[in-house]
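Step one of this worksheet: look at the structure below.
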Amino acid sequence: MVELAICGWDIGGAHLKVVCTDVGGRIIDARQIACPLWRGVDHLRQSMRSSLEGSQLQDATHAVTMTGELCDNFESRADGVREILEVVGELLGSATRIYAGHDGWYTLGEGHSWRAECVGSANWRAMAEAVAMSYDNAMLIDVGSTTTDIIPIVGGELRAIGTDDASRLSHDELVYSGVVRTSLMAMCKQAPYAGSWQRVAAEHFANMADIYRVLGELPEHADAHDTADGAPKSMIASARRVCRMLGRDLGDDLDAVHHVSQYFAYCQFDLLQRALLAVRGRHAGSCEIIVAAGVGAFMVHKLAQFNGLRCVDMSSMFDVDAELTQSVMTCAPAAAVAKLARGSG
């Protein structure tokens, strides 16, 4: 039986990510679990319980980071942090370590000293600090299911301007666009279909997971939630949903659906490329490598190639077997917070 040392948890608004390491720091498990936290903290409680049942996780040291406090069922971000940590304490215990960005670490027993603004939405910083342990001059790009983080590391230090979601959004270091949950209506107002421009419905008939399924680029098990119409996650069902965004039924012209899907993917690439140019422009000449993370790492590799930069996967920074590397990429913040907790003693 493998002795667990640290389990890293990343509590998001749509997913719960867990990465477990042994006493030597080797990653032995990494998984993403659907967790619609926006429907209430009971969903977080259920997802965490399912992770703990029948496992060795209870015997590990736990380290937690989050973004889920942004869910609109919370009155404020501070309330979200408090309610999430109440569930964490209930299931993981008061010795659980909470990552608090530049404030370092809290334990749940230090609740009186929490600064919610440091605990909330700090997972991007955990990833960047982990990358800075391996690279002095790099750009971390994490393309997830819902958002993208673009974080510069210069001289071995984080050089992000933004410190919270609002300021990060204002400086292109956070882009609310991901390869799974982002609706197509957020990508463009018109798209080319069968030789003419077609208006796009302002309705959640399809998302970017459908686009990348049609294009054959979406990693297996990347999409943990129901589709927009509740239908299967097949290429044909995805093509049908894409057509519905254009007021059409799926006919025999799958080439047209493939071409319009390429356009939606291009629009997302262009959005992320513009943000990358803005961030790189503030650190001219200092970006020597791009570190890719997230379920949309395939998009990061495209960005690196377009910009003529070398790209490495964040999974290469961890001691992990090949069969778990994709899961580690998907769960990069959880892997990072486990690594940082191990290094902090």
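A note on labels: chains of the structure tokens are A, B, ... as shown, every chain counts residues from 1, and ligands are counted from 1 in their shown order.
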Non-local contacts of stretch 117-133 of chain A (6 Å; only C-alpha atoms; under 3 positions in same chain excluded) as a ChimeraX atom specification: /A:65-67,100-101,136,156,333,336-337
Those in stretch 49-247 of chain A with helix (DSSP H, G or I) from DSSP, as number ranges by chain: A: 49-52, 57-59, 68-70, 77-92, 101-103, 108-113, 116-119, 123-132, 165-170, 184-186, 208-214, 235-245
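Between A:Glu220 and the candidates A:Gln326, A:Asn207, A:Ser50, A:Thr107, the tightest atom-to-atom separation, counting only C-alpha atoms, involves A:Gln326.
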For stretch 318-325 of chain A, list every protein, DNA or RNA residue within 6 Å, evaluated using only C-alpha atoms, and leave out those in the same chain fewer than 3 positions away; present the list as an NGL selection string. :A and (26-27 or 315 or 328)
Interatomic distance (Å, one decimal) between atom CA of A:Pro219 and atom CA of A:Gly296: 8.1 Å
Could you tell me how far atom CA of A:Phe298 sits from atom CA of A:His171, in Å to one decimal place? 23.6 Å
Two-atom distance - atom CA of A:Val295, atom CA of A:Glu203 (Å):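 Separating atom CA of A:Val295 from atom CA of A:Glu203 is a distance of 24.5 Å.
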Quick one: residues within 8 Å of stretch 31-41 of chain A, only C-alpha atoms counted, chain neighbours fewer than 6 positions away excluded, as a PyMOL selection string? chain A and resi 12-19+47+68+71-73+83-84+87+224-225+327-328+330-331
Using only C-alpha atoms, please write the residues we just selected to a file, as a PDB file, in the first residue's frame.
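Output file selection39.pdb is given in full below:
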```pdb
ATOM      1  CA  GLY A  12     -13.581  25.543  -8.862  1.00  0.00           C
ATOM      2  CA  GLY A  13     -17.057  26.655  -9.757  1.00  0.00           C
ATOM      3  CA  ALA A  14     -17.613  23.736 -12.140  1.00  0.00           C
ATOM      4  CA  HIS A  15     -14.968  21.151 -11.231  1.00  0.00           C
ATOM      5  CA  LEU A  16     -13.171  19.693  -8.249  1.00  0.00           C
ATOM      6  CA  LYS A  17      -9.577  18.702  -8.984  1.00  0.00           C
ATOM      7  CA  VAL A  18      -7.538  16.402  -6.743  1.00  0.00           C
ATOM      8  CA  VAL A  19      -3.866  15.396  -7.034  1.00  0.00           C
ATOM      9  CA  SER A  47     -18.036  15.602  -4.734  1.00  0.00           C
ATOM     10  CA  GLY A  68     -15.229  28.633  -6.675  1.00  0.00           C
ATOM     11  CA  CYS A  71     -20.079  31.465  -8.090  1.00  0.00           C
ATOM     12  CA  ASP A  72     -23.160  33.643  -8.157  1.00  0.00           C
ATOM     13  CA  ASN A  73     -24.945  31.681  -5.433  1.00  0.00           C
ATOM     14  CA  GLU A  83     -18.725  28.712   2.948  1.00  0.00           C
ATOM     15  CA  ILE A  84     -16.274  26.661   0.889  1.00  0.00           C
ATOM     16  CA  VAL A  87     -17.139  22.329   3.874  1.00  0.00           C
ATOM     17  CA  ALA A 224     -17.395  16.500 -17.422  1.00  0.00           C
ATOM     18  CA  HIS A 225     -20.754  18.298 -17.607  1.00  0.00           C
ATOM     19  CA  SER A 327      -4.779  14.279 -15.855  1.00  0.00           C
ATOM     20  CA  VAL A 328      -1.990  16.313 -14.243  1.00  0.00           C
ATOM     21  CA  THR A 330      -6.013  19.136 -16.416  1.00  0.00           C
ATOM     22  CA  CYS A 331      -5.489  19.369 -12.642  1.00  0.00           C
TER      23      CYS A 331
END
```
Give me, as a PyMOL selection string, the residues of stretch 127-197 of chain A that a backbone DSSP run labels strand (DSSP E or B). chain A and resi 138-143+148-154+157-158+174-175+183+190-193+196-197
Among listed residues A:Val279, A:Leu271, A:Ala201, A:Ala335, nearest A:Val242 (using only C-alpha atoms):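 Closest to A:Val242, using only C-alpha atoms: A:Ala201.
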Compare A:Val291, A:Ala206, A:Ile6, A:Leu169 by their minimum atom-to-atom distance to A:Leu184, counting only C-alpha atoms, and give me the closest one. A:Ala206
